[in-house]
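Coordinates as given in upload20.pdb (PDB, C-alpha atoms, pLDDT in the B column):
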ATOM      1  CA  MET A 689     234.587 332.837 179.081  1.00 49.00           C
ATOM      2  CA  LEU A 690     235.620 330.329 181.723  1.00 48.00           C
ATOM      3  CA  LEU A 691     239.263 329.488 182.254  1.00 48.00           C
ATOM      4  CA  THR A 692     240.135 326.424 184.281  1.00 49.00           C
ATOM      5  CA  LEU A 693     243.628 325.852 185.598  1.00 51.00           C
ATOM      6  CA  CYS A 694     244.823 322.357 186.343  1.00 45.00           C
ATOM      7  CA  PRO A 695     247.944 321.823 188.495  1.00 50.00           C
ATOM      8  CA  PHE A 696     248.766 318.471 186.848  1.00 45.00           C
ATOM      9  CA  PRO A 697     249.030 317.277 183.224  1.00 45.00           C
ATOM     10  CA  ILE A 698     245.944 315.854 181.578  1.00 44.00           C
ATOM     11  CA  THR A 699     246.580 312.964 179.198  1.00 45.00           C
ATOM     12  CA  ALA A 700     243.125 312.685 177.593  1.00 49.00           C
ATOM     13  CA  HIS A 701     242.694 309.506 175.540  1.00 50.00           C
ATOM     14  CA  HIS A 702     246.446 309.030 175.128  1.00 53.00           C
ATOM     15  CA  ALA A 703     246.765 307.362 178.514  1.00 55.00           C
ATOM     16  CA  SER A 704     248.157 303.844 178.338  1.00 66.00           C
ATOM     17  CA  ALA A 705     245.826 302.426 180.980  1.00 83.00           C
ATOM     18  CA  ALA A 706     243.904 300.359 178.415  1.00 90.00           C
ATOM     19  CA  PHE A 707     246.994 298.279 177.583  1.00 94.00           C
ATOM     20  CA  ASP A 708     249.218 296.141 179.810  1.00 93.00           C
ATOM     21  CA  ARG A 709     252.697 297.625 179.303  1.00 92.00           C
ATOM     22  CA  ASP A 710     254.235 294.831 181.398  1.00 93.00           C
ATOM     23  CA  LYS A 711     253.396 292.139 178.803  1.00 95.00           C
ATOM     24  CA  LEU A 712     254.362 291.719 175.170  1.00 96.00           C
ATOM     25  CA  ILE A 713     252.393 289.336 172.973  1.00 96.00           C
ATOM     26  CA  SER A 714     252.673 288.413 169.304  1.00 97.00           C
ATOM     27  CA  VAL A 715     250.039 287.363 166.802  1.00 97.00           C
ATOM     28  CA  SER A 716     250.513 286.445 163.153  1.00 96.00           C
ATOM     29  CA  GLY A 717     247.820 286.503 160.554  1.00 97.00           C
ATOM     30  CA  THR A 718     246.340 287.752 157.337  1.00 98.00           C
ATOM     31  CA  VAL A 719     245.446 291.414 156.927  1.00 98.00           C
ATOM     32  CA  LEU A 720     241.724 292.108 156.676  1.00 98.00           C
ATOM     33  CA  ARG A 721     241.960 295.892 156.488  1.00 97.00           C
ATOM     34  CA  TRP A 722     244.235 298.835 157.230  1.00 98.00           C
ATOM     35  CA  GLN A 723     242.995 302.261 158.271  1.00 97.00           C
ATOM     36  CA  PHE A 724     245.611 304.951 157.869  1.00 97.00           C
ATOM     37  CA  ILE A 725     243.756 307.605 159.860  1.00 94.00           C
ATOM     38  CA  ASN A 726     244.149 309.932 162.833  1.00 93.00           C
ATOM     39  CA  PRO A 727     244.256 309.954 165.759  1.00 93.00           C
ATOM     40  CA  HIS A 728     245.283 306.253 165.603  1.00 93.00           C
ATOM     41  CA  SER A 729     245.812 304.008 162.610  1.00 96.00           C
ATOM     42  CA  GLY A 730     244.523 300.449 162.844  1.00 97.00           C
ATOM     43  CA  LEU A 731     245.258 297.053 161.338  1.00 98.00           C
ATOM     44  CA  TRP A 732     242.825 294.118 161.496  1.00 98.00           C
ATOM     45  CA  LEU A 733     244.060 290.536 161.137  1.00 98.00           C
ATOM     46  CA  ASP A 734     242.558 287.067 160.887  1.00 98.00           C
ATOM     47  CA  VAL A 735     244.587 284.935 163.293  1.00 97.00           C
ATOM     48  CA  PHE A 736     244.339 281.161 163.791  1.00 95.00           C
ATOM     49  CA  ASP A 737     244.348 280.051 167.433  1.00 91.00           C
ATOM     50  CA  GLU A 738     245.677 276.752 168.807  1.00 90.00           C
ATOM     51  CA  ALA A 739     242.327 275.032 168.136  1.00 94.00           C
ATOM     52  CA  GLY A 740     242.348 276.105 164.491  1.00 93.00           C
ATOM     53  CA  SER A 741     239.626 278.717 164.893  1.00 95.00           C
ATOM     54  CA  ILE A 742     239.971 282.119 163.270  1.00 97.00           C
ATOM     55  CA  ASN A 743     239.932 285.141 165.555  1.00 97.00           C
ATOM     56  CA  GLU A 744     239.975 288.759 164.481  1.00 98.00           C
ATOM     57  CA  TRP A 745     242.693 290.855 166.134  1.00 98.00           C
ATOM     58  CA  THR A 746     243.112 294.623 166.006  1.00 98.00           C
ATOM     59  CA  GLY A 747     246.427 296.420 166.209  1.00 97.00           C
ATOM     60  CA  GLU A 748     246.379 300.076 167.200  1.00 96.00           C
ATOM     61  CA  PHE A 749     249.155 302.372 165.986  1.00 95.00           C
ATOM     62  CA  GLN A 750     250.055 306.015 166.451  1.00 93.00           C
ATOM     63  CA  GLY A 751     248.754 308.586 163.981  1.00 92.00           C
ATOM     64  CA  THR A 752     249.521 308.976 160.317  1.00 94.00           C
ATOM     65  CA  LEU A 753     252.114 311.742 160.637  1.00 94.00           C
ATOM     66  CA  ASP A 754     254.519 309.622 162.727  1.00 93.00           C
ATOM     67  CA  LEU A 755     254.017 306.546 160.541  1.00 95.00           C
ATOM     68  CA  TYR A 756     254.584 308.485 157.342  1.00 95.00           C
ATOM     69  CA  ARG A 757     257.454 310.659 158.560  1.00 94.00           C
ATOM     70  CA  HIS A 758     259.472 307.879 160.202  1.00 94.00           C
ATOM     71  CA  PHE A 759     258.601 304.847 158.061  1.00 94.00           C
ATOM     72  CA  SER A 760     257.085 306.254 154.827  1.00 95.00           C
ATOM     73  CA  TRP A 761     253.900 304.274 155.540  1.00 96.00           C
ATOM     74  CA  ASN A 762     250.685 305.295 153.821  1.00 97.00           C
ATOM     75  CA  LYS A 763     247.211 303.997 153.012  1.00 97.00           C
ATOM     76  CA  ASP A 764     248.745 301.285 150.801  1.00 97.00           C
ATOM     77  CA  THR A 765     251.343 299.917 153.259  1.00 96.00           C
ATOM     78  CA  PHE A 766     249.159 296.922 154.135  1.00 96.00           C
ATOM     79  CA  MET A 767     246.849 295.200 151.678  1.00 96.00           C
ATOM     80  CA  ALA A 768     244.137 292.627 152.375  1.00 97.00           C
ATOM     81  CA  GLY A 769     245.762 289.207 152.231  1.00 97.00           C
ATOM     82  CA  ASP A 770     249.238 290.316 153.400  1.00 96.00           C
ATOM     83  CA  TYR A 771     250.704 288.120 156.139  1.00 96.00           C
ATOM     84  CA  VAL A 772     252.212 289.990 159.113  1.00 97.00           C
ATOM     85  CA  THR A 773     253.203 289.486 162.726  1.00 97.00           C
ATOM     86  CA  LEU A 774     252.258 292.102 165.312  1.00 98.00           C
ATOM     87  CA  THR A 775     254.004 292.327 168.664  1.00 97.00           C
ATOM     88  CA  GLY A 776     252.623 294.665 171.263  1.00 97.00           C
ATOM     89  CA  TYR A 777     250.895 295.344 174.526  1.00 97.00           C
ATOM     90  CA  PRO A 778     247.592 293.487 175.022  1.00 97.00           C
ATOM     91  CA  ALA A 779     244.357 295.109 176.123  1.00 97.00           C
ATOM     92  CA  ARG A 780     243.826 294.848 179.868  1.00 95.00           C
ATOM     93  CA  ASN A 781     240.181 293.859 179.375  1.00 95.00           C
ATOM     94  CA  GLY A 782     241.103 290.665 177.508  1.00 93.00           C
ATOM     95  CA  SER A 783     239.751 291.775 174.134  1.00 95.00           C
ATOM     96  CA  ARG A 784     241.696 290.934 170.975  1.00 97.00           C
ATOM     97  CA  ILE A 785     243.324 294.328 170.586  1.00 97.00           C
ATOM     98  CA  MET A 786     246.866 295.486 171.155  1.00 97.00           C
ATOM     99  CA  SER A 787     248.947 298.610 171.095  1.00 96.00           C
ATOM    100  CA  VAL A 788     251.482 297.644 168.432  1.00 97.00           C
ATOM    101  CA  ARG A 789     255.198 297.922 169.155  1.00 96.00           C
ATOM    102  CA  ILE A 790     256.735 295.836 166.350  1.00 96.00           C
ATOM    103  CA  VAL A 791     255.514 294.789 162.909  1.00 97.00           C
ATOM    104  CA  GLY A 792     257.068 291.816 161.145  1.00 96.00           C
ATOM    105  CA  PHE A 793     256.565 291.743 157.390  1.00 93.00           C
ATOM    106  CA  GLU A 794     256.702 288.378 155.660  1.00 87.00           C
ATOM    107  CA  GLY A 795     260.161 287.924 154.167  1.00 82.00           C
ATOM    108  CA  GLU A 796     261.385 291.271 155.521  1.00 78.00           C
ATOM    109  CA  ASN A 797     262.804 292.790 158.679  1.00 86.00           C
ATOM    110  CA  GLU A 798     260.789 293.860 161.676  1.00 92.00           C
ATOM    111  CA  VAL A 799     259.911 297.508 162.212  1.00 93.00           C
ATOM    112  CA  ASP A 800     259.751 298.920 165.738  1.00 94.00           C
ATOM    113  CA  VAL A 801     257.049 301.539 165.254  1.00 92.00           C
ATOM    114  CA  ARG A 802     257.406 302.915 168.762  1.00 86.00           C
ATOM    115  CA  ILE A 803     260.873 304.330 168.080  1.00 80.00           C
ATOM    116  CA  ALA A 804     259.026 307.246 166.521  1.00 61.00           C
ATOM    117  CA  LEU A 805     257.618 308.051 169.962  1.00 59.00           C
ATOM    118  CA  ASP A 806     260.753 307.499 172.069  1.00 53.00           C
TER     119      ASP A 806
END

Rewritten as structure tokens:
Amino acid sequence: MLLTLCPFPITAHHASAAFDRDKLISVSGTVLRWQFINPHSGLWLDVFDEAGSINEWTGEFQGTLDLYRHFSWNKDTFMAGDYVTLTGYPARNGSRIMSVRIVGFEGENEVDVRIALD
């Protein structure tokens, strides 16, 4: 058996390098699908841009345990056709994906999903 010691912490895939933590963006659209899975839950939206074209955006969330324990979210929290606003940190590579910080439900308050991690 080989044992390797590392003098510094290893963050694996949980590093935030993929997202620009210095910018917050918001997109609003219609839910296409919701995956309540580990290690990260995901929400896909159809979003209209300024030209009237539809673009698919993906919002990445923390895992199911945090979402359930802190917000009582589950596999039925979002349904296809729901209208929501996502605010979060955009992907550094310019793709239409974000690390979600806040979810705004139509007709309801916003939920800061990152408070579960602070």

#### Entry: Residue members of the PyMOL selection byres ((chain A and resi 756-768) around 12) in the file shown, as JSON, numbers by chain
{"A": [717, 718, 719, 720, 721, 722, 723, 724, 725, 726, 729, 730, 731, 732, 733, 734, 749, 750, 751, 752, 753, 754, 755, 769, 770, 771, 772, 791, 792, 793, 794, 798, 799, 800, 801, 802, 803, 804, 805, 806]}

### Message
Rounded to one decimal, what separation in Å do you get between CA of Glu744 in chain A and CA of Ser787 in chain A?
### Response
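Rounded to one decimal, the two atoms are 14.9 Å apart.
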
### Message
Between CA of Pro778 in chain A and CA of Thr746 in chain A, what distance in Å does the model show, to one decimal?
### Response
10.1 Å

### Query
Quick one: of A:Ser741, A:Gly795, A:Glu748, A:Lys711, who's nearest to Leu774 in chain A, counting only C-alpha atoms?
A:Glu748

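Closest to Arg709 in chain A among A:Tyr777, A:Ala739, A:Gly747, A:Val788 is A:Tyr777, based on only C-alpha atoms.
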
Please write out, as AutoDock Vina command-line options, where the centre of an axis-aligned box around all listed atoms of range 744-755 of chain A lies and how long its edges are, in Å to one decimal, after adding 8 Å on each side.
--center_x 247.2 --center_y 300.3 --center_z 163.8 --size_x 30.5 --size_y 39.0 --size_z 22.9

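Of the listed residues A:Trp745, A:Asp737, A:Asp710, A:Ala705, the one whose atoms come nearest to Met786 in chain A is A:Trp745, with distances taken using all atoms listed in the file.
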
### Between CA of Asn781 in chain A and CA of Asn743 in chain A, distance in Å (one decimal)
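These two atoms are separated by 16.3 Å.
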
### Message
Here is a test: counting only C-alpha atoms, which residue of A:Ile785, A:Ile742, A:Asn797, A:Phe736 is nearest to Ala706 in chain A?
### Response
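Counting only C-alpha atoms, the residue closest to Ala706 in chain A is A:Ile785.
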
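Compared by their closest atoms to Thr773 in chain A, and using all atoms listed in the file, the residues A:Pro727, A:Phe707, A:Ile713, A:Glu738 rank with A:Ile713 nearest.
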
#### Entry: Which of A:Arg789, A:Arg780, A:Gly740, A:His728 sits closest to Ser714 in chain A [using only C-alpha atoms]
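Counting only C-alpha atoms, the residue closest to Ser714 in chain A is A:Arg789.
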